[in-house]
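Structure file coords11.txt (compact mmCIF, C-alpha atoms and all ligand atoms) is printed below.
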```
# COMPACT_ATOMS: atom_id res chain seq x y z
CA MET O 136 31.01 10.29 -16.98
CA THR O 137 31.13 6.95 -15.30
CA SER O 138 33.59 4.79 -17.15
CA LEU O 139 32.26 1.74 -18.83
CA CYS O 140 32.78 -1.28 -16.66
CA LEU O 141 31.12 -4.19 -18.29
CA ALA O 142 32.15 -7.01 -16.11
CA PHE O 143 32.40 -10.50 -17.40
CA ARG O 144 32.95 -12.04 -14.02
CA SER O 145 33.01 -15.79 -14.26
CA PHE O 146 34.25 -17.23 -17.45
CA ALA O 147 32.47 -20.55 -17.26
CA LEU O 148 32.20 -20.84 -21.02
CA GLN O 149 29.25 -22.88 -22.13
CA THR O 150 28.97 -23.79 -25.76
CA VAL O 151 25.59 -25.14 -26.57
CA ILE O 152 25.90 -26.61 -29.98
CA GLY O 153 23.10 -28.81 -31.10
CA ALA O 154 21.17 -28.48 -27.81
CA MET O 155 18.18 -26.14 -27.46
CA ILE O 156 19.23 -22.99 -25.66
CA THR O 157 17.20 -22.25 -22.53
CA LYS O 158 16.01 -18.97 -21.07
CA GLU O 159 18.14 -19.67 -18.00
CA GLN O 160 21.25 -19.86 -20.18
CA VAL O 161 20.40 -16.51 -21.77
CA LEU O 162 19.85 -14.92 -18.36
CA HIS O 163 23.04 -16.49 -17.06
CA ALA O 164 24.99 -14.97 -19.97
CA LEU O 165 23.39 -11.55 -19.48
CA SER O 166 24.02 -11.66 -15.75
CA HIS O 167 27.65 -10.97 -16.70
CA VAL O 168 26.75 -7.56 -18.13
CA ASP O 169 26.68 -4.72 -15.63
CA ASP O 170 24.86 -1.42 -16.01
CA PRO O 171 27.91 0.85 -15.72
CA ASP O 172 26.00 3.54 -13.82
CA LEU O 173 23.94 1.41 -11.48
CA LYS O 174 26.85 -0.99 -10.85
CA LYS O 175 24.72 -4.11 -10.89
CA ASP O 176 24.06 -6.66 -13.59
CA LEU O 177 21.13 -6.33 -15.99
CA VAL O 178 19.39 -9.48 -14.70
CA THR O 179 19.55 -8.42 -11.06
CA LEU O 180 18.26 -5.01 -12.10
CA ASN O 181 15.31 -6.75 -13.82
CA MET O 182 16.19 -5.04 -17.09
CA ILE O 183 15.92 -8.15 -19.29
CA LYS O 184 12.39 -8.90 -20.50
CA ASN O 185 10.60 -11.04 -23.06
CA VAL O 186 13.34 -13.55 -23.81
CA GLU O 187 12.41 -15.62 -26.88
CA ILE O 188 14.51 -18.47 -28.22
CA THR O 189 14.24 -20.27 -31.53
CA PRO O 190 16.80 -22.72 -32.95
CA SER O 191 18.31 -19.93 -35.05
CA LYS O 192 17.78 -16.82 -32.95
CA ILE O 193 17.74 -15.34 -29.46
CA ARG O 194 15.74 -12.16 -28.89
CA PHE O 195 15.06 -10.11 -25.78
CA ASP O 196 14.29 -6.60 -24.55
CA VAL O 197 16.72 -4.54 -22.52
CA VAL O 198 14.62 -2.07 -20.51
CA LEU O 199 16.81 0.93 -19.68
CA THR O 200 15.96 3.52 -17.02
CA THR O 201 15.72 6.31 -19.61
CA PRO O 202 15.56 6.55 -23.41
CA ALA O 203 18.29 9.20 -23.08
CA CYS O 204 20.73 6.65 -21.63
CA PRO O 205 24.19 7.52 -23.02
CA MET O 206 25.30 3.92 -22.40
CA LYS O 207 22.66 2.43 -24.71
CA GLY O 208 25.13 1.46 -27.46
CA PRO O 209 27.81 -0.01 -25.17
CA ILE O 210 25.23 -2.00 -23.17
CA GLU O 211 23.78 -3.52 -26.34
CA HIS O 212 27.28 -4.37 -27.55
CA ALA O 213 28.13 -6.00 -24.20
CA CYS O 214 24.92 -8.11 -24.34
CA ARG O 215 25.89 -9.39 -27.80
CA ASN O 216 29.39 -10.20 -26.56
CA ALA O 217 27.99 -12.06 -23.54
CA ILE O 218 25.71 -14.22 -25.73
CA ALA O 219 28.62 -14.94 -28.08
CA LEU O 220 30.96 -15.77 -25.21
CA PHE O 221 28.68 -17.81 -22.97
CA ILE O 222 26.26 -19.39 -25.46
CA ASP O 223 27.11 -19.38 -29.17
CA LYS O 224 29.10 -16.89 -31.19
CA ASP O 225 27.23 -17.73 -34.39
CA ILE O 226 23.64 -17.48 -33.26
CA ALA O 227 21.61 -14.46 -34.44
CA VAL O 228 20.76 -12.07 -31.60
CA GLU O 229 17.95 -9.52 -31.79
CA ILE O 230 17.92 -6.97 -29.00
CA ASN O 231 15.16 -4.44 -28.51
CA MET O 232 16.65 -1.55 -26.55
CA THR O 233 13.69 0.06 -24.83
CA SER O 234 13.14 2.09 -21.67
CA HIS O 235 10.90 2.75 -18.74
CA VAL O 236 11.68 6.01 -16.98
CA ILE O 237 11.70 5.57 -13.22
CA GLY O 238 9.90 8.27 -11.28
CA SER O 239 11.80 10.25 -8.69
CA LYS O 240 11.21 8.77 -5.24
CA ARG O 241 10.37 12.31 -4.19
CA SER O 242 7.56 12.55 -6.75
CA GLN O 243 4.05 12.33 -5.40
CA LEU O 244 2.69 13.71 -8.68
CA SER O 245 2.17 10.32 -10.22
CA ASN O 246 1.77 11.76 -13.72
CA ILE O 247 5.11 13.66 -13.72
CA LYS O 248 7.97 11.31 -13.04
CA ASN O 249 10.87 13.76 -12.77
CA ILE O 250 10.78 17.53 -12.26
CA ILE O 251 14.12 19.08 -13.23
CA LEU O 252 14.88 22.68 -12.24
CA VAL O 253 17.19 24.78 -14.42
CA ALA O 254 18.64 27.66 -12.44
CA SER O 255 21.43 30.23 -12.54
CA GLY O 256 22.80 32.69 -10.07
CA LYS O 257 23.22 35.51 -12.55
CA GLY O 258 20.81 36.70 -15.25
CA GLY O 259 21.55 36.44 -18.95
CA VAL O 260 23.88 33.44 -18.74
CA GLY O 261 21.68 31.35 -21.04
CA LYS O 262 19.55 29.52 -18.48
CA SER O 263 16.39 29.66 -20.65
CA THR O 264 18.37 28.59 -23.70
CA VAL O 265 19.71 25.59 -21.81
CA ALA O 266 16.29 24.74 -20.33
CA ALA O 267 14.59 24.84 -23.74
CA ASN O 268 17.26 22.82 -25.54
CA LEU O 269 17.63 20.34 -22.67
CA ALA O 270 13.87 19.69 -22.82
CA LEU O 271 14.03 19.29 -26.62
CA ALA O 272 17.01 16.94 -26.33
CA LEU O 273 15.22 14.77 -23.75
CA GLY O 274 12.14 14.78 -25.99
CA ALA O 275 14.27 13.82 -29.01
CA THR O 276 15.28 10.59 -27.27
CA GLY O 277 11.62 9.61 -27.04
CA ALA O 278 10.98 10.71 -23.45
CA ARG O 279 7.63 12.42 -22.80
CA THR O 280 8.78 15.89 -21.85
CA GLY O 281 7.33 19.23 -20.82
CA LEU O 282 8.86 22.68 -20.33
CA LEU O 283 7.52 25.13 -17.78
CA ASP O 284 8.82 28.69 -17.99
CA ALA O 285 8.48 30.03 -14.46
CA ASP O 286 10.75 33.02 -15.09
CA ILE O 287 8.24 35.65 -13.99
CA TYR O 288 10.66 38.54 -14.53
CA GLY O 289 11.54 37.68 -18.12
CA PRO O 290 9.62 34.76 -19.60
CA SER O 291 11.37 33.85 -22.83
CA LEU O 292 9.63 30.62 -23.86
CA PRO O 293 7.01 32.40 -26.04
CA ILE O 294 9.74 34.00 -28.20
CA MET O 295 12.04 30.96 -28.22
CA PHE O 296 9.24 28.70 -29.47
CA GLY O 297 7.57 31.24 -31.79
CA LEU O 298 4.49 31.37 -29.57
CA GLU O 299 4.15 35.09 -28.88
CA GLY O 300 0.49 35.96 -28.34
CA ALA O 301 -0.48 32.32 -27.81
CA HIS O 302 -3.13 31.64 -25.19
CA PRO O 303 -3.47 28.14 -23.75
CA ARG O 304 -7.03 26.84 -23.68
CA ALA O 305 -8.87 25.66 -20.64
CA SER O 306 -10.63 22.32 -20.82
CA LYS O 307 -12.54 19.97 -18.57
CA THR O 308 -10.84 16.77 -17.50
CA ALA O 309 -12.59 13.42 -17.05
CA ASP O 310 -13.19 14.19 -13.38
CA GLY O 311 -14.90 17.50 -14.22
CA LYS O 312 -12.05 19.84 -13.20
CA THR O 313 -11.11 22.78 -15.41
CA LYS O 314 -7.44 22.62 -16.39
CA ILE O 315 -5.08 24.71 -18.53
CA GLU O 316 -3.93 22.81 -21.61
CA PRO O 317 -0.19 23.21 -22.23
CA ILE O 318 0.59 24.19 -25.82
CA GLU O 319 2.32 21.46 -27.83
CA LYS O 320 5.21 22.32 -30.12
CA TYR O 321 8.26 20.40 -31.36
CA GLY O 322 7.03 17.40 -29.38
CA LEU O 323 7.04 19.21 -26.01
CA LYS O 324 4.22 20.32 -23.73
CA LEU O 325 4.82 23.99 -23.03
CA LEU O 326 3.57 26.51 -20.50
CA SER O 327 4.96 29.93 -19.69
CA ILE O 328 3.98 32.59 -17.25
CA GLY O 329 4.38 34.81 -20.33
CA PHE O 330 1.22 33.30 -21.88
CA PHE O 331 -0.80 34.95 -19.12
CA THR O 332 0.81 38.39 -18.94
CA ASP O 333 0.98 41.31 -21.35
CA PRO O 334 4.59 41.56 -22.60
CA ASN O 335 4.22 45.38 -22.79
CA GLN O 336 2.99 45.75 -19.22
CA PRO O 337 5.56 45.09 -16.50
CA VAL O 338 3.94 43.02 -13.77
CA PRO O 339 4.85 44.14 -10.24
CA TRP O 340 4.98 40.67 -8.70
CA ARG O 341 4.65 40.41 -4.94
CA GLY O 342 5.45 37.33 -2.87
CA PRO O 343 1.96 35.80 -2.52
CA MET O 344 1.07 36.54 -6.17
CA VAL O 345 4.23 34.83 -7.34
CA SER O 346 3.53 31.83 -5.24
CA THR O 347 -0.08 31.50 -6.44
CA ALA O 348 0.80 31.97 -10.11
CA VAL O 349 3.62 29.43 -10.04
CA LYS O 350 1.56 26.85 -8.16
CA GLN O 351 -1.19 27.20 -10.76
CA LEU O 352 1.25 26.41 -13.56
CA PHE O 353 1.96 23.08 -11.87
CA ASN O 354 -1.35 22.15 -10.33
CA ASP O 355 -3.94 23.62 -12.66
CA ALA O 356 -2.38 22.41 -15.90
CA ASP O 357 -3.24 19.16 -17.62
CA TRP O 358 0.33 17.94 -18.15
CA GLY O 359 -0.77 14.37 -18.83
CA GLU O 360 1.87 11.70 -18.34
CA LEU O 361 5.42 13.08 -18.44
CA ASP O 362 8.80 11.44 -17.94
CA TYR O 363 10.49 14.82 -17.47
CA LEU O 364 9.23 18.31 -16.72
CA VAL O 365 11.99 20.89 -17.15
CA VAL O 366 11.37 24.10 -15.18
CA ASP O 367 13.09 27.34 -16.18
CA LEU O 368 13.45 29.40 -12.97
CA PRO O 369 14.18 33.13 -12.75
CA PRO O 370 17.84 34.03 -12.11
CA GLY O 371 19.01 34.33 -8.52
CA THR O 372 17.21 33.05 -5.48
CA GLY O 373 13.74 34.29 -4.65
CA ASP O 374 10.05 33.61 -4.12
CA VAL O 375 9.67 31.36 -7.17
CA HIS O 376 12.56 29.17 -6.04
CA ILE O 377 11.16 28.79 -2.55
CA THR O 378 7.64 28.08 -3.82
CA VAL O 379 8.79 25.48 -6.32
CA ALA O 380 11.45 23.86 -4.16
CA GLN O 381 9.30 23.54 -1.07
CA GLY O 382 5.94 22.96 -2.76
CA PHE O 383 6.77 20.29 -5.32
CA PRO O 384 8.69 17.02 -5.43
CA ILE O 385 11.80 18.09 -7.33
CA ALA O 386 14.07 15.34 -8.68
CA GLY O 387 17.11 17.62 -9.07
CA ALA O 388 18.56 20.91 -10.26
CA VAL O 389 20.85 21.83 -13.16
CA ILE O 390 22.94 24.97 -12.66
CA VAL O 391 23.88 27.10 -15.67
CA THR O 392 26.83 29.46 -15.54
CA THR O 393 29.18 31.27 -17.86
CA PRO O 394 32.93 31.10 -17.16
CA GLN O 395 33.32 34.64 -15.73
CA ASN O 396 34.04 35.00 -12.01
CA VAL O 397 30.96 37.19 -11.46
CA ALA O 398 28.68 34.51 -12.88
CA LEU O 399 30.45 31.79 -10.91
CA ALA O 400 30.16 33.70 -7.63
CA ASP O 401 26.40 34.10 -8.17
CA ALA O 402 26.12 30.44 -9.13
CA VAL O 403 27.72 29.47 -5.81
CA ARG O 404 24.93 31.34 -4.01
CA GLY O 405 22.29 29.65 -6.18
CA ILE O 406 23.70 26.21 -5.44
CA GLY O 407 23.90 27.05 -1.75
CA MET O 408 20.16 27.65 -1.71
CA PHE O 409 19.38 24.21 -3.19
CA LEU O 410 21.61 22.54 -0.65
CA MET O 411 20.05 24.27 2.37
CA ASP O 412 18.51 21.83 4.87
CA THR O 413 15.04 23.28 4.39
CA ILE O 414 15.25 22.85 0.60
CA ASN O 415 17.64 19.97 0.02
CA ILE O 416 17.41 19.42 -3.73
CA PRO O 417 19.95 17.11 -5.39
CA LEU O 418 22.40 18.86 -7.68
CA LEU O 419 22.35 17.06 -11.04
CA GLY O 420 25.29 19.05 -12.33
CA VAL O 421 26.69 22.23 -13.85
CA VAL O 422 26.45 23.39 -17.48
CA GLU O 423 28.98 25.95 -18.67
CA ASN O 424 27.37 28.12 -21.35
CA MET O 425 29.22 30.45 -23.71
CA ALA O 426 32.27 28.42 -22.71
CA TYR O 427 34.32 29.28 -25.80
CA PHE O 428 34.02 30.89 -29.20
CA THR O 429 34.78 29.16 -32.49
CA PRO O 430 34.83 31.36 -35.59
CA ALA O 431 33.12 29.80 -38.61
CA GLU O 432 36.30 30.11 -40.70
CA LEU O 433 38.48 28.43 -38.02
CA SER O 434 36.28 25.56 -36.95
CA ASN O 435 39.08 23.71 -35.13
CA HIS O 436 39.90 26.65 -32.87
CA LYS O 437 38.37 27.29 -29.48
CA TYR O 438 38.87 30.75 -27.98
CA TYR O 439 38.16 30.82 -24.25
CA ILE O 440 37.34 34.51 -24.24
CA PHE O 441 35.64 34.53 -20.83
CA GLY O 442 38.18 32.25 -19.08
CA LYS O 443 38.53 28.47 -19.05
CA ASP O 444 37.08 25.67 -16.93
CA GLY O 445 35.17 27.89 -14.50
CA GLY O 446 32.10 25.62 -14.72
CA LYS O 447 34.24 22.52 -14.20
CA ARG O 448 35.81 23.99 -11.08
CA LEU O 449 32.39 24.99 -9.77
CA ALA O 450 31.15 21.42 -10.23
CA GLU O 451 34.24 20.05 -8.47
CA ARG O 452 33.78 22.43 -5.57
CA PHE O 453 30.32 20.96 -4.89
CA ASN O 454 31.30 17.44 -5.85
CA ALA O 455 28.68 17.56 -8.60
CA PRO O 456 28.93 16.26 -12.18
CA PHE O 457 30.15 18.64 -14.87
CA LEU O 458 27.50 18.19 -17.55
CA GLY O 459 29.22 19.93 -20.44
CA GLU O 460 30.24 23.06 -22.31
CA ILE O 461 28.08 24.96 -24.79
CA PRO O 462 30.01 27.20 -27.20
CA LEU O 463 29.18 30.82 -27.84
CA VAL O 464 27.60 30.53 -31.27
CA LYS O 465 25.65 33.17 -33.12
CA GLY O 466 23.29 30.44 -34.35
CA ILE O 467 22.11 29.86 -30.78
CA SER O 468 20.96 33.42 -30.25
CA ASP O 469 19.54 33.66 -33.79
CA SER O 470 17.56 30.45 -33.36
CA GLY O 471 16.27 31.53 -29.95
CA ASP O 472 15.07 34.80 -31.43
CA ASN O 473 13.49 33.08 -34.45
CA GLY O 474 11.33 30.63 -32.54
CA LEU O 475 13.36 27.61 -33.65
CA PRO O 476 15.69 26.49 -30.83
CA VAL O 477 19.07 25.24 -31.94
CA MET O 478 18.17 21.61 -31.04
CA MET O 479 15.81 21.68 -34.02
CA ASP O 480 18.81 22.16 -36.33
CA GLU O 481 20.56 18.81 -36.12
CA ASP O 482 23.50 20.01 -38.22
CA ASN O 483 24.41 22.63 -35.62
CA PRO O 484 27.24 21.32 -33.40
CA ALA O 485 25.52 22.87 -30.36
CA ALA O 486 22.65 20.38 -30.85
CA ALA O 487 25.07 17.50 -30.22
CA ALA O 488 26.28 19.24 -27.06
CA PHE O 489 22.72 19.52 -25.77
CA LEU O 490 21.99 15.86 -26.56
CA ASP O 491 25.08 14.88 -24.62
CA ILE O 492 24.02 17.03 -21.65
CA ALA O 493 20.50 15.56 -21.73
CA GLY O 494 21.99 12.05 -21.59
CA LYS O 495 24.06 12.99 -18.56
CA VAL O 496 21.10 14.60 -16.78
CA ALA O 497 18.96 11.50 -17.36
CA GLN O 498 21.87 9.35 -16.20
CA GLN O 499 22.24 11.35 -12.97
CA LEU O 500 18.52 11.00 -12.28
CA ALA O 501 18.65 7.25 -12.84
CA ILE O 502 21.67 6.95 -10.51
CA ALA O 503 20.01 9.11 -7.83
CA GLN O 504 16.89 6.95 -7.99
CA ALA O 505 18.82 3.69 -7.86
CA VAL O 506 20.82 4.89 -4.88
CA GLY O 507 17.62 6.20 -3.28
N1 LIG O 601 25.73 29.67 -26.20
C1 LIG O 601 25.20 30.78 -26.66
N2 LIG O 601 25.68 31.36 -27.78
C2 LIG O 601 25.14 32.52 -28.26
N3 LIG O 601 24.09 33.15 -27.70
C3 LIG O 601 23.57 32.61 -26.58
C4 LIG O 601 24.08 31.41 -26.01
N4 LIG O 601 23.32 31.11 -24.92
C5 LIG O 601 22.40 32.07 -24.82
N5 LIG O 601 22.54 32.98 -25.80
C6 LIG O 601 21.73 34.20 -26.02
O1 LIG O 601 21.92 35.04 -24.87
C7 LIG O 601 20.70 35.69 -24.53
C8 LIG O 601 20.33 35.35 -23.08
O2 LIG O 601 20.03 33.96 -23.03
P1 LIG O 601 18.87 33.39 -22.11
O3 LIG O 601 17.62 34.18 -22.27
O4 LIG O 601 18.80 31.94 -22.36
O5 LIG O 601 19.52 33.71 -20.70
P2 LIG O 601 18.86 33.63 -19.25
O6 LIG O 601 19.96 33.29 -18.34
O7 LIG O 601 17.69 32.75 -19.26
O8 LIG O 601 18.39 35.11 -19.07
P3 LIG O 601 17.38 35.74 -17.98
O9 LIG O 601 18.26 36.28 -16.91
O10 LIG O 601 16.67 36.80 -18.73
O11 LIG O 601 16.46 34.67 -17.48
C9 LIG O 601 19.68 35.24 -25.55
O12 LIG O 601 19.62 36.16 -26.59
C10 LIG O 601 20.24 33.92 -26.06
O13 LIG O 601 19.81 33.61 -27.38
```
Take the structure I supplied and represent it as structure tokens, if you would.
Amino acid sequence: MTSLCLAFRSFALQTVIGAMITKEQVLHALSHVDDPDLKKDLVTLNMIKNVEITPSKIRFDVVLTTPACPMKGPIEHACRNAIALFIDKDIAVEINMTSHVIGSKRSQLSNIKNIILVASGKGGVGKSTVAANLALALGATGARTGLLDADIYGPSLPIMFGLEGAHPRASKTADGKTKIEPIEKYGLKLLSIGFFTDPNQPVPWRGPMVSTAVKQLFNDADWGELDYLVVDLPPGTGDVHITVAQGFPIAGAVIVTTPQNVALADAVRGIGMFLMDTINIPLLGVVENMAYFTPAELSNHKYYIFGKDGGKRLAERFNAPFLGEIPLVKGISDSGDNGLPVMMDEDNPAAAAFLDIAGKVAQQLAIAQAVG
């Protein structure tokens, strides 16, 4: 993670005792606080809004680029320090930390600001588990989030969210078009290819069918306004990947792997596809799932039963961020099977790991958009 670099550049200390504080003084003080990721100060970034000053109090909004910003606390703290240092250490300061998610510059779908792909080279590494819990973690921060399960070979969203047998309704939009209504659960908008197929009948998907079905999940659904749409892709590289990557404005991809060499080798191929010139999707980072095992009775011990740091090395090889490790925990598979993803159990340590990963993903998107 980018280290915190809150720069107090010029120390022209102004103590304004007795005089009415002006908006310019507040902005001057806050211009000494940098956003550690975007490497510019909050005033230049136009993140300070609604400054109000009374004789006893200064209040203002700090508009972050995402509600999932992991730097929220440190930025607020730095703003308070800047007011104390440059204006008055005794004045009350009220800061409203809010956010406005910036849409990916690639996004032409004005209603979906950021489409995030979750992919893996190998099957069974926990890609759907990560996609579901990443979406829930983004949603938990207050971001409007959807999850699209485009894993045509093994859609798992219906089981993971306790929605087996559910059928999304069709409804007419204001402009008279018929749209599929995503199902809402745990604060997310959800659609799965599994809602439209019979789980007992294997579907022999062929290229054009795949492409049509996947496009419909994007185009013919009434997603409403979303900050993030997380897309769970099938494992490997195939028709769904090509359809999604070339047909839609993707903000970035998250790669899920386990530490074993076989999974890592497949992940390399998966990443290679996203980086191809004809696809060219930014890599937001690598998540290492089932990274270690911690027995309940030895909660301080981590057993790296499948090898150590494979995901980290993979990230380094592609100069991509390492987003985090998820432990191998029975609770994760139990919760996935029971329709209550582990993010819904805030006491489970894996939930904290997913929140941390969501913050890093949102951070990477904000950086990518700022850099352009
Ligand atoms: N960290 C974990 N700890 C314990 N069980 C896990 C963990 N991650 C995933 N699982 C379990 O492993 C199984 C496979 O996970 P999941 O379906 O998410 O993998 P996948 O990569 O999406 O698979 P597929 O190749 O079918 O798309 C599931 O039963 C899931 O609950």
Contacts with ligand LIG 601 (chain O) at most 6 Å, all atoms listed in the file counted, listed as number ranges by chain
O: 258-264, 289, 369-370, 424-425, 461-465, 467-468, 471
Show me the residues close to (17.0, -5.3, -15.5) - anything with an atom within 12 Å, counting all atoms listed in the file - and format the list as a ChimeraX atom specification.
/O:162,165-166,168-170,173-185,195-200,210,232-235,505
Pairwise distance, atom CA of Phe428 of chain O with atom CA of Lys447 of chain O, equals 17.2 Å
Could you tell me which of O:Ile502, O:Val389, O:Val236, O:Leu323 comes closest to Ala275 of chain O if we count only C-alpha atoms?
O:Leu323
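Put simply, atom CA of Pro290 of chain O is 16.0 Å away from atom CA of Lys324 of chain O.
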Can you list, as a PyMOL selection string, every protein, DNA or RNA residue that comes within 10 Å of Lys320 of chain O when you count all atoms listed in the file, leaving out same-chain residues fewer than 5 positions away?
chain O and resi 271+296-298+325
Write out, as an mmCIF file, in the coordinates of the input, the residues just selected, with C-alpha atoms.
```
data_model
loop_
_atom_site.group_PDB
_atom_site.id
_atom_site.type_symbol
_atom_site.label_atom_id
_atom_site.label_comp_id
_atom_site.auth_asym_id
_atom_site.auth_seq_id
_atom_site.Cartn_x
_atom_site.Cartn_y
_atom_site.Cartn_z
ATOM 1 C CA LEU O 271 14.030 19.290 -26.620
ATOM 2 C CA PHE O 296 9.240 28.700 -29.470
ATOM 3 C CA GLY O 297 7.570 31.240 -31.790
ATOM 4 C CA LEU O 298 4.490 31.370 -29.570
ATOM 5 C CA LEU O 325 4.820 23.990 -23.030
#
```
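Each of O:Thr347, O:Met478, O:Ile406, O:Phe441 was compared to Asn454 of chain O using only C-alpha atoms, and O:Ile406 turns out to be the nearest.
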Pick out the residues sitting within 8 Å of Gly329 of chain O, and hand them over as a ChimeraX atom specification; count all atoms listed in the file, and ignore anything fewer than 3 positions along from it in its own chain.
/O:284,287,290-293,332-334
Suppose we keep C-alpha atoms; can you now write the selection as a PDB file, in the frame of the given file?
```pdb
ATOM      1  CA  ASP O 284       8.820  28.690 -17.990  1.00  0.00           C
ATOM      2  CA  ILE O 287       8.240  35.650 -13.990  1.00  0.00           C
ATOM      3  CA  PRO O 290       9.620  34.760 -19.600  1.00  0.00           C
ATOM      4  CA  SER O 291      11.370  33.850 -22.830  1.00  0.00           C
ATOM      5  CA  LEU O 292       9.630  30.620 -23.860  1.00  0.00           C
ATOM      6  CA  PRO O 293       7.010  32.400 -26.040  1.00  0.00           C
ATOM      7  CA  THR O 332       0.810  38.390 -18.940  1.00  0.00           C
ATOM      8  CA  ASP O 333       0.980  41.310 -21.350  1.00  0.00           C
ATOM      9  CA  PRO O 334       4.590  41.560 -22.600  1.00  0.00           C
TER      10      PRO O 334
END
```
Is it possible to add N, CA and C atoms to segment 464-483 of chain O and hand it back as a PDB file, keeping the file's coordinate frame?
```
ATOM      1  N   VAL O 464      27.826  30.668 -29.834  1.00  0.00           N
ATOM      2  CA  VAL O 464      27.600  30.530 -31.270  1.00  0.00           C
ATOM      3  C   VAL O 464      26.463  31.454 -31.655  1.00  0.00           C
ATOM      4  N   LYS O 465      26.688  32.215 -32.716  1.00  0.00           N
ATOM      5  CA  LYS O 465      25.650  33.170 -33.120  1.00  0.00           C
ATOM      6  C   LYS O 465      24.338  32.420 -33.435  1.00  0.00           C
ATOM      7  N   GLY O 466      24.471  31.223 -33.994  1.00  0.00           N
ATOM      8  CA  GLY O 466      23.290  30.440 -34.350  1.00  0.00           C
ATOM      9  C   GLY O 466      22.374  30.214 -33.152  1.00  0.00           C
ATOM     10  N   ILE O 467      22.947  30.130 -31.950  1.00  0.00           N
ATOM     11  CA  ILE O 467      22.110  29.860 -30.780  1.00  0.00           C
ATOM     12  C   ILE O 467      21.219  31.063 -30.484  1.00  0.00           C
ATOM     13  N   SER O 468      21.809  32.256 -30.542  1.00  0.00           N
ATOM     14  CA  SER O 468      20.960  33.420 -30.250  1.00  0.00           C
ATOM     15  C   SER O 468      20.007  33.682 -31.408  1.00  0.00           C
ATOM     16  N   ASP O 469      20.450  33.464 -32.656  1.00  0.00           N
ATOM     17  CA  ASP O 469      19.540  33.660 -33.790  1.00  0.00           C
ATOM     18  C   ASP O 469      18.346  32.713 -33.682  1.00  0.00           C
ATOM     19  N   SER O 470      18.649  31.433 -33.374  1.00  0.00           N
ATOM     20  CA  SER O 470      17.560  30.450 -33.360  1.00  0.00           C
ATOM     21  C   SER O 470      16.603  30.731 -32.221  1.00  0.00           C
ATOM     22  N   GLY O 471      17.152  31.194 -31.067  1.00  0.00           N
ATOM     23  CA  GLY O 471      16.270  31.530 -29.950  1.00  0.00           C
ATOM     24  C   GLY O 471      15.341  32.677 -30.307  1.00  0.00           C
ATOM     25  N   ASP O 472      15.886  33.639 -31.057  1.00  0.00           N
ATOM     26  CA  ASP O 472      15.070  34.800 -31.430  1.00  0.00           C
ATOM     27  C   ASP O 472      14.052  34.455 -32.514  1.00  0.00           C
ATOM     28  N   ASN O 473      14.360  33.412 -33.308  1.00  0.00           N
ATOM     29  CA  ASN O 473      13.490  33.080 -34.450  1.00  0.00           C
ATOM     30  C   ASN O 473      12.452  32.024 -34.139  1.00  0.00           C
ATOM     31  N   GLY O 474      12.364  31.615 -32.899  1.00  0.00           N
ATOM     32  CA  GLY O 474      11.330  30.630 -32.540  1.00  0.00           C
ATOM     33  C   GLY O 474      11.687  29.210 -32.925  1.00  0.00           C
ATOM     34  N   LEU O 475      12.949  28.967 -33.264  1.00  0.00           N
ATOM     35  CA  LEU O 475      13.360  27.610 -33.650  1.00  0.00           C
ATOM     36  C   LEU O 475      14.625  27.273 -32.863  1.00  0.00           C
ATOM     37  N   PRO O 476      14.494  26.746 -31.647  1.00  0.00           N
ATOM     38  CA  PRO O 476      15.690  26.490 -30.830  1.00  0.00           C
ATOM     39  C   PRO O 476      16.718  25.640 -31.568  1.00  0.00           C
ATOM     40  N   VAL O 477      17.970  25.827 -31.183  1.00  0.00           N
ATOM     41  CA  VAL O 477      19.070  25.240 -31.940  1.00  0.00           C
ATOM     42  C   VAL O 477      18.986  23.705 -31.993  1.00  0.00           C
ATOM     43  N   MET O 478      18.339  23.076 -31.019  1.00  0.00           N
ATOM     44  CA  MET O 478      18.170  21.610 -31.040  1.00  0.00           C
ATOM     45  C   MET O 478      17.385  21.158 -32.269  1.00  0.00           C
ATOM     46  N   MET O 479      16.608  22.067 -32.853  1.00  0.00           N
ATOM     47  CA  MET O 479      15.810  21.680 -34.020  1.00  0.00           C
ATOM     48  C   MET O 479      16.664  21.667 -35.289  1.00  0.00           C
ATOM     49  N   ASP O 480      17.897  22.166 -35.180  1.00  0.00           N
ATOM     50  CA  ASP O 480      18.810  22.160 -36.330  1.00  0.00           C
ATOM     51  C   ASP O 480      19.888  21.127 -36.054  1.00  0.00           C
ATOM     52  N   GLU O 481      19.658  19.899 -36.542  1.00  0.00           N
ATOM     53  CA  GLU O 481      20.560  18.810 -36.120  1.00  0.00           C
ATOM     54  C   GLU O 481      21.974  18.953 -36.666  1.00  0.00           C
ATOM     55  N   ASP O 482      22.149  19.826 -37.680  1.00  0.00           N
ATOM     56  CA  ASP O 482      23.500  20.010 -38.220  1.00  0.00           C
ATOM     57  C   ASP O 482      24.328  20.962 -37.356  1.00  0.00           C
ATOM     58  N   ASN O 483      23.665  21.681 -36.463  1.00  0.00           N
ATOM     59  CA  ASN O 483      24.410  22.630 -35.620  1.00  0.00           C
ATOM     60  C   ASN O 483      25.156  21.866 -34.530  1.00  0.00           C
TER      61      ASN O 483
END
```
